[in-house]
>>> print(open('my_file_22.cif').read())   # mmCIF, C-alpha atoms
data_query
loop_
_atom_site.label_atom_id
_atom_site.label_comp_id
_atom_site.auth_asym_id
_atom_site.auth_seq_id
_atom_site.Cartn_x
_atom_site.Cartn_y
_atom_site.Cartn_z
CA MET A 1 -16.78 7.30 -22.18
CA LEU A 2 -17.73 4.46 -19.90
CA GLU A 3 -15.08 3.12 -17.52
CA LYS A 4 -13.55 -0.12 -18.74
CA GLU A 5 -13.54 -2.97 -16.26
CA VAL A 6 -11.67 -5.50 -18.39
CA LEU A 7 -9.17 -5.32 -21.21
CA ASN A 8 -10.66 -7.80 -23.68
CA PHE A 9 -13.64 -5.78 -24.89
CA GLU A 10 -14.81 -6.38 -28.46
CA LYS A 11 -14.23 -3.37 -30.71
CA THR A 12 -17.69 -2.26 -31.74
CA ALA A 13 -19.33 0.40 -33.91
CA ILE A 14 -22.97 1.45 -33.51
CA VAL A 15 -25.35 2.78 -36.16
CA GLY A 16 -28.57 4.83 -36.09
CA ILE A 17 -30.63 7.12 -38.30
CA VAL A 18 -32.35 10.48 -37.94
CA THR A 19 -35.86 10.35 -39.41
CA GLN A 20 -39.03 12.45 -39.41
CA ASN A 21 -40.10 10.63 -36.24
CA GLN A 22 -36.68 10.61 -34.55
CA SER A 23 -34.69 13.82 -34.10
CA GLU A 24 -30.91 13.98 -33.87
CA GLU A 25 -31.15 14.70 -30.14
CA LYS A 26 -33.38 11.65 -29.61
CA LEU A 27 -31.04 9.50 -31.71
CA ASN A 28 -28.09 10.53 -29.52
CA GLU A 29 -30.08 9.48 -26.43
CA TYR A 30 -30.80 6.09 -27.99
CA LEU A 31 -27.17 5.65 -29.06
CA ASP A 32 -26.01 6.50 -25.52
CA GLU A 33 -28.27 3.72 -24.25
CA LEU A 34 -27.09 1.37 -27.02
CA GLU A 35 -23.50 2.08 -25.97
CA PHE A 36 -24.35 1.14 -22.37
CA LEU A 37 -26.04 -2.03 -23.65
CA THR A 38 -22.90 -2.81 -25.67
CA PHE A 39 -20.71 -2.21 -22.61
CA THR A 40 -22.96 -4.55 -20.59
CA ALA A 41 -22.59 -7.24 -23.27
CA GLY A 42 -18.78 -6.92 -23.27
CA GLY A 43 -18.12 -4.49 -26.10
CA GLU A 44 -16.30 -1.17 -26.44
CA VAL A 45 -17.91 1.35 -28.79
CA VAL A 46 -15.15 3.09 -30.74
CA LYS A 47 -17.29 4.75 -33.43
CA ARG A 48 -20.83 5.98 -34.03
CA PHE A 49 -22.42 6.30 -37.46
CA SER A 50 -25.61 8.21 -38.23
CA GLN A 51 -27.48 9.41 -41.29
CA LYS A 52 -30.51 11.62 -41.94
CA MET A 53 -33.17 9.77 -43.92
CA GLU A 54 -36.92 10.05 -44.40
CA ARG A 55 -37.24 6.34 -43.66
CA PRO A 56 -34.87 3.34 -43.40
CA ASN A 57 -33.65 1.88 -46.67
CA PRO A 58 -35.68 -1.35 -47.12
CA LYS A 59 -32.63 -3.16 -48.52
CA THR A 60 -29.68 -2.05 -46.40
CA PHE A 61 -31.28 0.16 -43.68
CA MET A 62 -28.74 2.95 -44.42
CA GLY A 63 -28.00 4.55 -47.79
CA THR A 64 -25.58 2.81 -50.15
CA GLY A 65 -22.87 5.45 -49.69
CA LYS A 66 -23.08 5.30 -45.89
CA ILE A 67 -22.88 1.49 -45.92
CA GLU A 68 -19.70 1.72 -48.01
CA GLU A 69 -18.28 4.28 -45.56
CA ILE A 70 -19.03 1.96 -42.64
CA HIS A 71 -17.53 -0.98 -44.56
CA ALA A 72 -14.27 0.92 -45.14
CA TYR A 73 -14.03 1.90 -41.45
CA VAL A 74 -14.71 -1.68 -40.31
CA LYS A 75 -11.90 -3.03 -42.52
CA GLU A 76 -9.37 -0.37 -41.54
CA ASN A 77 -9.99 -0.57 -37.78
CA ASN A 78 -10.60 -4.31 -37.27
CA ILE A 79 -14.12 -3.79 -35.92
CA SER A 80 -15.50 -7.13 -34.70
CA THR A 81 -19.17 -6.16 -34.23
CA LEU A 82 -21.51 -3.68 -35.92
CA ILE A 83 -24.73 -2.94 -34.03
CA PHE A 84 -27.80 -1.15 -35.44
CA ASP A 85 -30.05 0.74 -33.02
CA ASP A 86 -33.28 -0.46 -34.65
CA GLU A 87 -34.41 -3.99 -35.38
CA LEU A 88 -33.28 -5.09 -38.85
CA THR A 89 -35.55 -7.13 -41.08
CA PRO A 90 -34.17 -10.54 -42.12
CA SER A 91 -33.53 -9.24 -45.66
CA GLN A 92 -31.74 -6.10 -44.39
CA GLN A 93 -29.49 -8.19 -42.15
CA LYS A 94 -28.73 -10.59 -45.01
CA ASN A 95 -27.93 -7.79 -47.47
CA ILE A 96 -25.69 -5.91 -45.02
CA SER A 97 -23.85 -9.15 -44.16
CA LYS A 98 -23.12 -9.69 -47.86
CA ILE A 99 -21.50 -6.23 -48.10
CA ILE A 100 -19.77 -6.11 -44.70
CA THR A 101 -18.30 -9.60 -44.33
CA GLU A 102 -15.52 -8.71 -41.88
CA CYS A 103 -17.64 -8.49 -38.70
CA LYS A 104 -20.82 -9.62 -36.99
CA ILE A 105 -23.98 -7.68 -37.87
CA LEU A 106 -26.38 -7.30 -34.93
CA ASP A 107 -29.37 -5.13 -34.13
CA ARG A 108 -30.70 -3.78 -30.83
CA THR A 109 -33.02 -6.77 -30.31
CA HIS A 110 -30.23 -9.31 -30.89
CA LEU A 111 -27.99 -7.40 -28.45
CA ILE A 112 -30.64 -7.38 -25.70
CA LEU A 113 -31.25 -11.10 -26.21
CA ASP A 114 -27.50 -11.70 -25.92
CA ILE A 115 -27.36 -9.79 -22.62
CA PHE A 116 -30.33 -11.78 -21.32
CA ALA A 117 -28.53 -15.00 -22.29
CA GLN A 118 -25.44 -13.86 -20.32
CA ARG A 119 -27.50 -12.88 -17.27
CA ALA A 120 -29.82 -15.91 -17.10
CA GLU A 121 -28.86 -17.90 -13.99
CA THR A 122 -31.75 -20.26 -13.33
CA SER A 123 -33.08 -23.02 -15.59
CA TYR A 124 -36.34 -21.10 -16.00
CA ALA A 125 -34.62 -17.86 -17.08
CA ARG A 126 -32.40 -19.76 -19.53
CA THR A 127 -35.47 -21.47 -21.01
CA GLN A 128 -37.26 -18.13 -21.41
CA VAL A 129 -34.26 -16.55 -23.12
CA GLU A 130 -33.69 -19.53 -25.43
CA LEU A 131 -37.33 -19.40 -26.52
CA ALA A 132 -37.02 -15.69 -27.33
CA GLN A 133 -33.79 -16.34 -29.25
CA CYS A 134 -35.37 -19.16 -31.28
CA ILE A 135 -38.39 -16.99 -32.18
CA TYR A 136 -36.02 -14.21 -33.25
CA MET A 137 -33.75 -16.58 -35.19
CA LEU A 138 -36.44 -18.48 -37.13
CA PRO A 139 -37.05 -15.94 -39.94
CA ARG A 140 -33.32 -15.11 -40.06
CA LEU A 141 -31.91 -18.57 -40.80
CA SER A 142 -29.60 -18.31 -43.77
CA GLY A 143 -28.58 -21.91 -44.37
CA LEU A 144 -25.11 -21.42 -42.91
CA TRP A 145 -25.20 -24.42 -40.58
CA THR A 146 -22.79 -27.00 -41.96
CA HIS A 147 -23.78 -29.93 -39.76
CA LEU A 148 -27.08 -30.38 -41.63
CA GLU A 149 -25.81 -30.76 -45.18
CA ARG A 150 -27.32 -34.19 -45.89
CA GLN A 151 -30.85 -34.20 -47.28
CA LYS A 152 -33.55 -36.50 -46.02
CA GLY A 153 -34.36 -39.61 -48.05
CA GLY A 154 -35.88 -43.03 -47.56
CA ILE A 155 -39.31 -44.53 -48.27
CA GLY A 156 -41.75 -41.86 -49.38
CA MET A 157 -39.00 -39.24 -49.28
CA ARG A 158 -37.26 -39.87 -52.63
CA GLY A 159 -36.65 -36.90 -54.85
CA PRO A 160 -35.06 -33.62 -53.86
CA GLY A 161 -35.88 -34.10 -50.17
CA GLU A 162 -35.49 -31.32 -47.63
CA THR A 163 -33.01 -28.54 -48.25
CA GLU A 164 -30.65 -27.54 -45.48
CA ILE A 165 -32.56 -24.33 -44.69
CA GLU A 166 -35.87 -26.24 -44.45
CA THR A 167 -34.24 -28.76 -42.11
CA ASP A 168 -32.91 -25.90 -39.97
CA ARG A 169 -36.33 -24.28 -39.76
CA ARG A 170 -38.00 -27.55 -38.84
CA ILE A 171 -35.45 -28.12 -36.04
CA VAL A 172 -35.95 -24.60 -34.68
CA ARG A 173 -39.76 -24.92 -34.84
CA ASP A 174 -39.57 -28.23 -32.96
CA ARG A 175 -37.31 -26.58 -30.38
CA ILE A 176 -39.76 -23.68 -29.97
CA ALA A 177 -42.63 -26.12 -29.39
CA LEU A 178 -40.54 -28.04 -26.83
CA LEU A 179 -39.53 -24.86 -24.98
CA LYS A 180 -43.12 -23.60 -24.93
CA ASP A 181 -44.26 -26.88 -23.35
CA LYS A 182 -41.45 -26.66 -20.79
CA ILE A 183 -42.34 -23.06 -19.91
CA LYS A 184 -46.03 -23.98 -19.67
CA ALA A 185 -45.16 -26.67 -17.09
CA ILE A 186 -42.97 -24.24 -15.10
CA ASP A 187 -45.66 -21.54 -15.32
CA LYS A 188 -48.10 -23.99 -13.76
CA GLN A 189 -45.65 -24.70 -10.91
CA MET A 190 -45.04 -21.00 -10.34
CA GLY A 191 -48.78 -20.32 -10.40
CA THR A 192 -49.19 -22.94 -7.68
CA GLN A 193 -46.37 -21.30 -5.68
CA ARG A 194 -48.09 -17.92 -5.95
CA SER A 195 -51.43 -19.38 -4.84
CA ASN A 196 -49.71 -21.06 -1.87
CA ARG A 197 -48.55 -17.69 -0.59
CA GLY A 198 -52.02 -17.12 0.78
CA SER A 199 -53.70 -13.76 0.94
CA MET A 200 -50.69 -11.70 1.95
CA VAL A 201 -50.47 -8.31 0.27
CA ARG A 202 -48.10 -8.41 -2.72
CA VAL A 203 -45.91 -5.47 -3.65
CA ALA A 204 -43.86 -5.45 -6.87
CA LEU A 205 -40.89 -3.26 -7.76
CA VAL A 206 -41.15 -2.13 -11.38
CA GLY A 207 -39.13 0.35 -13.41
CA TYR A 208 -36.63 0.93 -16.16
CA THR A 209 -33.52 -1.21 -16.14
CA ASN A 210 -30.65 -0.04 -13.89
CA VAL A 211 -32.73 2.35 -11.74
CA GLY A 212 -31.83 0.67 -8.44
CA LYS A 213 -34.70 -1.78 -7.88
CA SER A 214 -32.43 -4.54 -6.57
CA THR A 215 -30.58 -2.10 -4.30
CA LEU A 216 -33.93 -0.98 -2.89
CA MET A 217 -34.99 -4.63 -2.52
CA ASN A 218 -31.85 -5.36 -0.51
CA ALA A 219 -32.34 -2.27 1.64
CA ILE A 220 -35.98 -2.84 2.56
CA GLY A 221 -36.09 -6.63 2.48
CA LYS A 222 -32.68 -7.36 4.02
CA SER A 223 -32.10 -9.76 1.12
CA ASP A 224 -29.03 -10.37 -1.02
CA VAL A 225 -30.13 -9.73 -4.60
CA PHE A 226 -27.32 -9.34 -7.16
CA VAL A 227 -26.58 -5.65 -7.83
CA GLU A 228 -24.35 -4.22 -10.55
CA ASN A 229 -24.18 -0.94 -12.47
CA LYS A 230 -25.11 -2.61 -15.74
CA LEU A 231 -28.35 -3.08 -17.63
CA PHE A 232 -30.48 -6.14 -16.84
CA ALA A 233 -28.44 -7.22 -13.82
CA THR A 234 -31.58 -8.98 -12.54
CA LEU A 235 -33.58 -11.39 -14.72
CA ASP A 236 -35.12 -13.80 -12.24
CA THR A 237 -37.92 -12.56 -10.03
CA THR A 238 -36.95 -12.53 -6.36
CA VAL A 239 -39.75 -12.64 -3.77
CA ARG A 240 -39.10 -11.89 -0.11
CA LYS A 241 -41.32 -11.61 2.94
CA VAL A 242 -40.90 -8.12 4.39
CA VAL A 243 -42.16 -6.82 7.73
CA ILE A 244 -42.53 -3.10 8.40
CA LYS A 245 -43.52 -2.39 12.01
CA ASN A 246 -46.02 -5.19 12.68
CA LEU A 247 -47.18 -5.66 9.08
CA PRO A 248 -45.89 -8.52 6.86
CA PHE A 249 -46.18 -8.45 3.06
CA LEU A 250 -44.46 -9.97 0.00
CA LEU A 251 -42.04 -7.85 -2.01
CA SER A 252 -40.90 -8.95 -5.49
CA ASP A 253 -38.04 -7.60 -7.61
CA THR A 254 -38.77 -7.96 -11.34
CA VAL A 255 -36.84 -7.68 -14.60
CA GLY A 256 -36.26 -4.10 -15.73
CA PHE A 257 -37.99 -2.60 -18.75
CA ILE A 258 -36.31 -0.74 -21.60
CA ARG A 259 -37.27 1.27 -24.66
CA LYS A 260 -37.82 -0.88 -27.75
CA LEU A 261 -38.12 -3.99 -25.57
CA PRO A 262 -38.33 -6.98 -27.96
CA THR A 263 -41.87 -8.38 -28.19
CA MET A 264 -40.65 -11.96 -27.98
CA LEU A 265 -39.06 -11.17 -24.59
CA VAL A 266 -42.37 -9.90 -23.21
CA ASP A 267 -44.00 -13.12 -24.43
CA SER A 268 -41.23 -15.37 -23.09
CA PHE A 269 -41.12 -13.68 -19.68
CA LYS A 270 -44.88 -13.99 -19.20
CA SER A 271 -44.64 -15.80 -15.87
CA THR A 272 -42.03 -13.35 -14.57
CA LEU A 273 -44.35 -10.48 -15.49
CA ASP A 274 -47.24 -12.30 -13.81
CA GLU A 275 -45.67 -11.14 -10.53
CA VAL A 276 -46.47 -7.61 -11.69
CA ARG A 277 -49.96 -8.51 -12.94
CA GLU A 278 -50.92 -10.17 -9.67
CA ALA A 279 -49.39 -7.54 -7.39
CA ASP A 280 -51.68 -5.45 -5.17
CA LEU A 281 -49.34 -2.45 -5.20
CA LEU A 282 -46.59 -1.31 -7.58
CA LEU A 283 -43.53 0.66 -6.52
CA HIS A 284 -42.46 2.40 -9.73
CA VAL A 285 -38.76 3.11 -9.18
CA VAL A 286 -37.28 5.95 -11.26
CA ASP A 287 -33.62 6.98 -11.61
CA ILE A 288 -34.08 10.74 -11.24
CA SER A 289 -30.37 11.30 -11.87
CA HIS A 290 -30.80 10.08 -15.47
CA PRO A 291 -31.36 13.02 -17.87
CA GLU A 292 -34.13 11.14 -19.72
CA PHE A 293 -36.00 9.76 -16.72
CA GLU A 294 -39.33 11.12 -18.01
CA ASP A 295 -38.97 9.00 -21.16
CA HIS A 296 -38.16 6.02 -18.94
CA ILE A 297 -41.40 6.58 -16.99
CA ALA A 298 -43.36 6.68 -20.25
CA SER A 299 -41.69 3.44 -21.46
CA VAL A 300 -42.51 1.62 -18.21
CA ASN A 301 -46.12 2.88 -18.26
CA GLN A 302 -46.48 1.66 -21.85
CA THR A 303 -45.13 -1.78 -20.91
CA LEU A 304 -47.53 -1.93 -17.93
CA LEU A 305 -50.33 -1.11 -20.37
CA ASP A 306 -49.15 -3.86 -22.74
CA ILE A 307 -49.20 -6.49 -19.97
CA LYS A 308 -52.53 -5.17 -18.61
CA ALA A 309 -51.12 -4.03 -15.25
CA HIS A 310 -51.68 -0.28 -15.67
CA ASP A 311 -54.72 0.02 -13.40
CA LYS A 312 -52.99 -0.91 -10.13
CA PRO A 313 -52.23 1.52 -7.29
CA VAL A 314 -48.74 2.96 -7.80
CA ILE A 315 -46.24 4.77 -5.60
CA MET A 316 -43.63 6.70 -7.60
CA VAL A 317 -40.21 6.26 -5.99
CA PHE A 318 -37.65 8.73 -7.37
CA ASN A 319 -34.35 7.06 -6.53
CA LYS A 320 -30.68 8.14 -6.69
CA ILE A 321 -31.25 11.68 -5.37
CA ASP A 322 -27.66 11.49 -4.12
CA ALA A 323 -26.46 11.31 -7.75
CA TYR A 324 -28.81 14.00 -9.11
CA LYS A 325 -27.04 16.94 -10.76
CA HIS A 326 -28.58 19.80 -12.69
CA LEU A 327 -27.13 22.23 -15.19
CA THR A 328 -26.59 25.78 -14.03
CA ILE A 329 -26.84 29.12 -15.83
CA ASP A 330 -24.50 31.98 -14.95
CA GLU A 331 -26.21 35.17 -13.79
CA ASP A 332 -24.74 37.16 -16.68
CA ASP A 333 -25.75 34.51 -19.25
CA LEU A 334 -28.80 35.96 -21.01
CA MET A 335 -28.65 33.68 -24.05
CA THR A 336 -29.11 30.24 -22.48
CA GLU A 337 -32.75 29.24 -22.13
CA LYS A 338 -33.72 27.38 -18.98
CA THR A 339 -34.91 23.80 -19.59
CA THR A 340 -35.85 20.86 -17.38
CA LYS A 341 -32.17 19.91 -17.32
CA HIS A 342 -31.60 23.04 -15.18
CA TYR A 343 -34.30 22.11 -12.61
CA THR A 344 -33.29 21.50 -9.02
CA LEU A 345 -35.00 18.70 -7.10
CA GLU A 346 -37.27 21.26 -5.41
CA GLU A 347 -38.26 22.68 -8.79
CA TRP A 348 -39.03 19.18 -10.09
CA LYS A 349 -41.26 18.53 -7.08
CA SER A 350 -43.39 21.55 -8.01
CA THR A 351 -43.96 20.35 -11.61
CA TRP A 352 -46.24 17.46 -12.66
CA MET A 353 -44.80 15.51 -9.71
CA SER A 354 -46.88 17.63 -7.36
CA ARG A 355 -50.02 16.34 -9.09
CA VAL A 356 -48.98 12.76 -8.32
CA GLY A 357 -49.62 13.57 -4.66
CA GLU A 358 -47.37 13.76 -1.63
CA GLN A 359 -48.28 10.24 -0.53
CA ASN A 360 -47.53 8.75 -3.96
CA ALA A 361 -44.26 10.51 -4.84
CA LEU A 362 -41.15 9.80 -2.77
CA PHE A 363 -37.58 11.03 -3.23
CA ILE A 364 -34.96 8.67 -1.82
CA SER A 365 -31.49 7.24 -2.15
CA ALA A 366 -31.66 3.45 -1.76
CA LYS A 367 -27.87 3.27 -1.74
CA ASN A 368 -27.45 5.73 1.16
CA LYS A 369 -30.89 5.06 2.70
CA GLU A 370 -31.70 8.76 2.49
CA ASN A 371 -35.37 9.62 3.31
CA PHE A 372 -35.80 5.91 4.00
CA GLU A 373 -38.02 6.26 7.05
CA GLU A 374 -40.44 8.36 5.01
CA PHE A 375 -40.39 5.67 2.31
CA ARG A 376 -41.08 2.87 4.81
CA ALA A 377 -43.92 4.84 6.41
CA CYS A 378 -45.55 5.49 3.03
CA VAL A 379 -45.30 1.84 1.95
CA TYR A 380 -46.58 0.72 5.34
CA GLU A 381 -49.65 2.94 5.06
CA ALA A 382 -50.42 1.83 1.48
CA VAL A 383 -50.06 -1.87 2.35
CA ARG A 384 -52.06 -1.35 5.54
CA GLN A 385 -55.02 0.08 3.61
CA ILE A 386 -55.02 -2.94 1.27
CA HIS A 387 -54.70 -5.28 4.26
CA ILE A 388 -57.62 -3.64 6.08
CA THR A 389 -59.80 -4.10 2.99
CA ARG A 390 -58.82 -7.76 2.72
CA PHE A 391 -59.00 -8.53 6.45
CA PRO A 392 -61.56 -6.08 7.90
CA TYR A 393 -61.75 -7.90 11.23
CA ASN A 394 -58.02 -8.42 11.75
CA LYS A 395 -57.74 -6.33 14.91
CA PHE A 396 -54.64 -8.12 16.18
CA LEU A 397 -52.30 -6.33 13.77
CA TYR A 398 -53.82 -2.92 14.18
CA PRO A 399 -54.42 -1.63 17.70
CA ASP A 400 -55.13 1.83 16.29
CA TYR A 401 -57.63 0.36 13.84
CA LYS A 402 -59.26 -1.52 16.70
CA ASP A 403 -59.60 1.76 18.60
CA ALA A 404 -61.21 3.37 15.56
CA ILE A 405 -63.77 0.54 15.27
CA GLU A 406 -64.63 0.77 18.96
CA LYS A 407 -65.01 4.55 18.65
CA GLU A 408 -67.39 4.13 15.71
CA ASP A 409 -69.44 1.54 17.64
CA LYS A 410 -69.67 3.88 20.64
CA GLU A 411 -70.80 6.80 18.45
CA GLU A 412 -73.48 4.60 16.85
CA GLN A 413 -74.78 3.56 20.28
CA GLU A 414 -74.93 7.18 21.45
CA THR A 415 -76.84 8.14 18.28
CA GLU A 416 -79.38 5.39 18.90
#
>>> encode(input="my_file_22.cif", output="structure tokens")
Amino acid sequence: MLEKEVLNFEKTAIVGIVTQNQSEEKLNEYLDELEFLTFTAGGEVVKRFSQKMERPNPKTFMGTGKIEEIHAYVKENNISTLIFDDELTPSQQKNISKIITECKILDRTHLILDIFAQRAETSYARTQVELAQCIYMLPRLSGLWTHLERQKGGIGMRGPGETEIETDRRIVRDRIALLKDKIKAIDKQMGTQRSNRGSMVRVALVGYTNVGKSTLMNAIGKSDVFVENKLFATLDTTVRKVVIKNLPFLLSDTVGFIRKLPTMLVDSFKSTLDEVREADLLLHVVDISHPEFEDHIASVNQTLLDIKAHDKPVIMVFNKIDAYKHLTIDEDDLMTEKTTKHYTLEEWKSTWMSRVGEQNALFISAKNKENFEEFRACVYEAVRQIHITRFPYNKFLYPDYKDAIEKEDKEEQETE
């Protein structure tokens, strides 16, 4: 179980299903992540429910018997929140809420939006999160707001008028339009800020949430970005000027990605993700100590594809080598089959990671600054190559490059 930092955690139960497309092992991985999300939001998971089904029940997501079992447990144990691992349709959420009236019914998307709302510090981040929440809420309005009971009337409006739910929807739609206009204005300002940075090489840290991007940012950029062992500790993009040796460049720390990332969040955080789109080089940070880090890599690559940033040069940075632990097999154990969970770091390096290339795969500990000089040298060389392409005659920064040019000129003269 996760360590508890405070005593007033909400008692929570989480729910998932095993289907043809999702094995029991994969479900347990997702529920582990959902538990960490719940912990980040301020909840304590006291029970997990799962069921094998061909597909989710279109009415109540789970089977009728399982819903009744969950209902009985919720009543007996004073559960305050029930969280489903997959996104519920508006009708599923409504039907479940009618059966289980004793607690809040949330899904994975709602939980992530709630964490984003907690973490949003700046006006821009709060606006982005509110827009995502309004888009999510619109089809799920159930007419429960009591402050809008009066119907509209007046000239041209006599008759039944607007119902409460219609009034609610109109208010939310108006709010969405207002927030979109506000974000459009801020996007324009941020676009101007990016253009004012000149032609400096831009490097962006990308990766799954909680892999150590902000720790790495603090280590290399000597900045003070908020760091915490929780998911989505960083929402706002932080950009710092970094100098390695004699070479300056811009380094940005971006919001972390996650499996099943809500679509409305990708849309709302467009400008934040523009830092990734406009970067010249991506540092894909991976938590190699996490047992499912390969799935995390695939999720990040898919998100990069979705935002059209998949064709950029990438350096894979395998972080947290200080926390990496592998399973061991006793010499006399002939039954246990060796899997990737038994690989040492050296064995991992000889797998598909070797095909990434020595220059594009680094193994570090940002926390302890282990192998940090190698990391700085690799980043320096990658940025330097981009800089040379952009400023071919900038001989001031590169004495060695200047020597190479002079050598080439001399060889050409001798040939002539």
>>> residues_around(input="my_file_22.cif", residues="Ala219 in chain A", least_positions_apart="4", cutoff="12 Å", atoms="only C-alpha atoms", output="PDB file with C-alpha atoms, in the coordinates of the input")
ATOM      1  CA  GLY A 212     -31.830   0.670  -8.440  1.00  0.00           C
ATOM      2  CA  LYS A 213     -34.700  -1.780  -7.880  1.00  0.00           C
ATOM      3  CA  SER A 214     -32.430  -4.540  -6.570  1.00  0.00           C
ATOM      4  CA  THR A 215     -30.580  -2.100  -4.300  1.00  0.00           C
ATOM      5  CA  SER A 223     -32.100  -9.760   1.120  1.00  0.00           C
ATOM      6  CA  ASP A 224     -29.030 -10.370  -1.020  1.00  0.00           C
ATOM      7  CA  VAL A 225     -30.130  -9.730  -4.600  1.00  0.00           C
ATOM      8  CA  VAL A 227     -26.580  -5.650  -7.830  1.00  0.00           C
ATOM      9  CA  ARG A 240     -39.100 -11.890  -0.110  1.00  0.00           C
ATOM     10  CA  VAL A 242     -40.900  -8.120   4.390  1.00  0.00           C
ATOM     11  CA  LEU A 251     -42.040  -7.850  -2.010  1.00  0.00           C
ATOM     12  CA  ILE A 364     -34.960   8.670  -1.820  1.00  0.00           C
ATOM     13  CA  SER A 365     -31.490   7.240  -2.150  1.00  0.00           C
ATOM     14  CA  ALA A 366     -31.660   3.450  -1.760  1.00  0.00           C
ATOM     15  CA  LYS A 367     -27.870   3.270  -1.740  1.00  0.00           C
ATOM     16  CA  ASN A 368     -27.450   5.730   1.160  1.00  0.00           C
ATOM     17  CA  LYS A 369     -30.890   5.060   2.700  1.00  0.00           C
ATOM     18  CA  GLU A 370     -31.700   8.760   2.490  1.00  0.00           C
ATOM     19  CA  PHE A 372     -35.800   5.910   4.000  1.00  0.00           C
ATOM     20  CA  GLU A 373     -38.020   6.260   7.050  1.00  0.00           C
ATOM     21  CA  PHE A 375     -40.390   5.670   2.310  1.00  0.00           C
ATOM     22  CA  ARG A 376     -41.080   2.870   4.810  1.00  0.00           C
TER      23      ARG A 376
END
>>> atom_distance(input="my_file_22.cif", atom1="CA of Asp187 in chain A", atom2="CA of Thr254 in chain A")
15.7 Å
>>> residues_around(input="my_file_22.cif", residues="Ala323 in chain A", least_positions_apart="3", cutoff="9 Å", atoms="only C-alpha atoms", output="ChimeraX atom specification")
/A:288-290,320,365
>>> atom_distance(input="my_file_22.cif", atom1="CA of Ala309 in chain A", atom2="CA of Leu273 in chain A")
9.4 Å
>>> closest_atom_pairs(input="my_file_22.cif", of="range 251-341 of chain A", to="range 101-117 of chain A", cutoff="9 Å", atoms="all atoms listed in the file", output="JSON lines")
{"residue": "A:Lys260", "atom": "CA", "partner": "A:Thr109", "partner_atom": "CA", "distance": 8.0}
{"residue": "A:Leu261", "atom": "CA", "partner": "A:Thr109", "partner_atom": "CA", "distance": 7.5}
{"residue": "A:Pro262", "atom": "CA", "partner": "A:Thr109", "partner_atom": "CA", "distance": 5.8}
{"residue": "A:Leu265", "atom": "CA", "partner": "A:Leu113", "partner_atom": "CA", "distance": 8.0}
>>> residues_around(input="my_file_22.cif", residues="range 68-84 of chain A", least_positions_apart="3", cutoff="12 Å", atoms="all atoms listed in the file", output="short mmCIF file (atom, residue, chain, number, x, y, z; two decimals) with C-alpha atoms, keeping the file's coordinate frame")
data_model
loop_
_atom_site.label_atom_id
_atom_site.label_comp_id
_atom_site.auth_asym_id
_atom_site.auth_seq_id
_atom_site.Cartn_x
_atom_site.Cartn_y
_atom_site.Cartn_z
CA PHE A 9 -13.64 -5.78 -24.89
CA GLU A 10 -14.81 -6.38 -28.46
CA LYS A 11 -14.23 -3.37 -30.71
CA THR A 12 -17.69 -2.26 -31.74
CA ALA A 13 -19.33 0.40 -33.91
CA ILE A 14 -22.97 1.45 -33.51
CA VAL A 15 -25.35 2.78 -36.16
CA GLY A 16 -28.57 4.83 -36.09
CA ILE A 17 -30.63 7.12 -38.30
CA LEU A 27 -31.04 9.50 -31.71
CA TYR A 30 -30.80 6.09 -27.99
CA LEU A 31 -27.17 5.65 -29.06
CA LEU A 34 -27.09 1.37 -27.02
CA GLU A 35 -23.50 2.08 -25.97
CA LEU A 37 -26.04 -2.03 -23.65
CA THR A 38 -22.90 -2.81 -25.67
CA ALA A 41 -22.59 -7.24 -23.27
CA GLY A 42 -18.78 -6.92 -23.27
CA GLY A 43 -18.12 -4.49 -26.10
CA GLU A 44 -16.30 -1.17 -26.44
CA VAL A 45 -17.91 1.35 -28.79
CA VAL A 46 -15.15 3.09 -30.74
CA LYS A 47 -17.29 4.75 -33.43
CA ARG A 48 -20.83 5.98 -34.03
CA PHE A 49 -22.42 6.30 -37.46
CA SER A 50 -25.61 8.21 -38.23
CA GLN A 51 -27.48 9.41 -41.29
CA PRO A 56 -34.87 3.34 -43.40
CA THR A 60 -29.68 -2.05 -46.40
CA PHE A 61 -31.28 0.16 -43.68
CA MET A 62 -28.74 2.95 -44.42
CA GLY A 63 -28.00 4.55 -47.79
CA THR A 64 -25.58 2.81 -50.15
CA GLY A 65 -22.87 5.45 -49.69
CA GLU A 87 -34.41 -3.99 -35.38
CA LEU A 88 -33.28 -5.09 -38.85
CA THR A 89 -35.55 -7.13 -41.08
CA GLN A 92 -31.74 -6.10 -44.39
CA GLN A 93 -29.49 -8.19 -42.15
CA ILE A 96 -25.69 -5.91 -45.02
CA SER A 97 -23.85 -9.15 -44.16
CA LYS A 98 -23.12 -9.69 -47.86
CA ILE A 99 -21.50 -6.23 -48.10
CA ILE A 100 -19.77 -6.11 -44.70
CA THR A 101 -18.30 -9.60 -44.33
CA GLU A 102 -15.52 -8.71 -41.88
CA CYS A 103 -17.64 -8.49 -38.70
CA LYS A 104 -20.82 -9.62 -36.99
CA ILE A 105 -23.98 -7.68 -37.87
CA LEU A 106 -26.38 -7.30 -34.93
CA ASP A 107 -29.37 -5.13 -34.13
CA ARG A 108 -30.70 -3.78 -30.83
CA THR A 109 -33.02 -6.77 -30.31
CA HIS A 110 -30.23 -9.31 -30.89
CA LEU A 111 -27.99 -7.40 -28.45
CA ILE A 112 -30.64 -7.38 -25.70
#
>>> atom_distance(input="my_file_22.cif", atom1="CA of Phe363 in chain A", atom2="CA of Ile321 in chain A")
6.7 Å
>>> resolve_selection(input="my_file_22.cif", expression="the PyMOL selection byres ((chain A and resi 292) around 12)", output="list in words")
Glu25, Lys26, Asn28, Glu29, Tyr30, Asp32, Glu33, Tyr208, Val211, Arg259, Val286, Asp287, Ile288, Ser289, His290, Pro291, Phe293, Glu294, Asp295, His296, Ile297, Ala298, Ser299, Thr340 and Lys341 of chain A
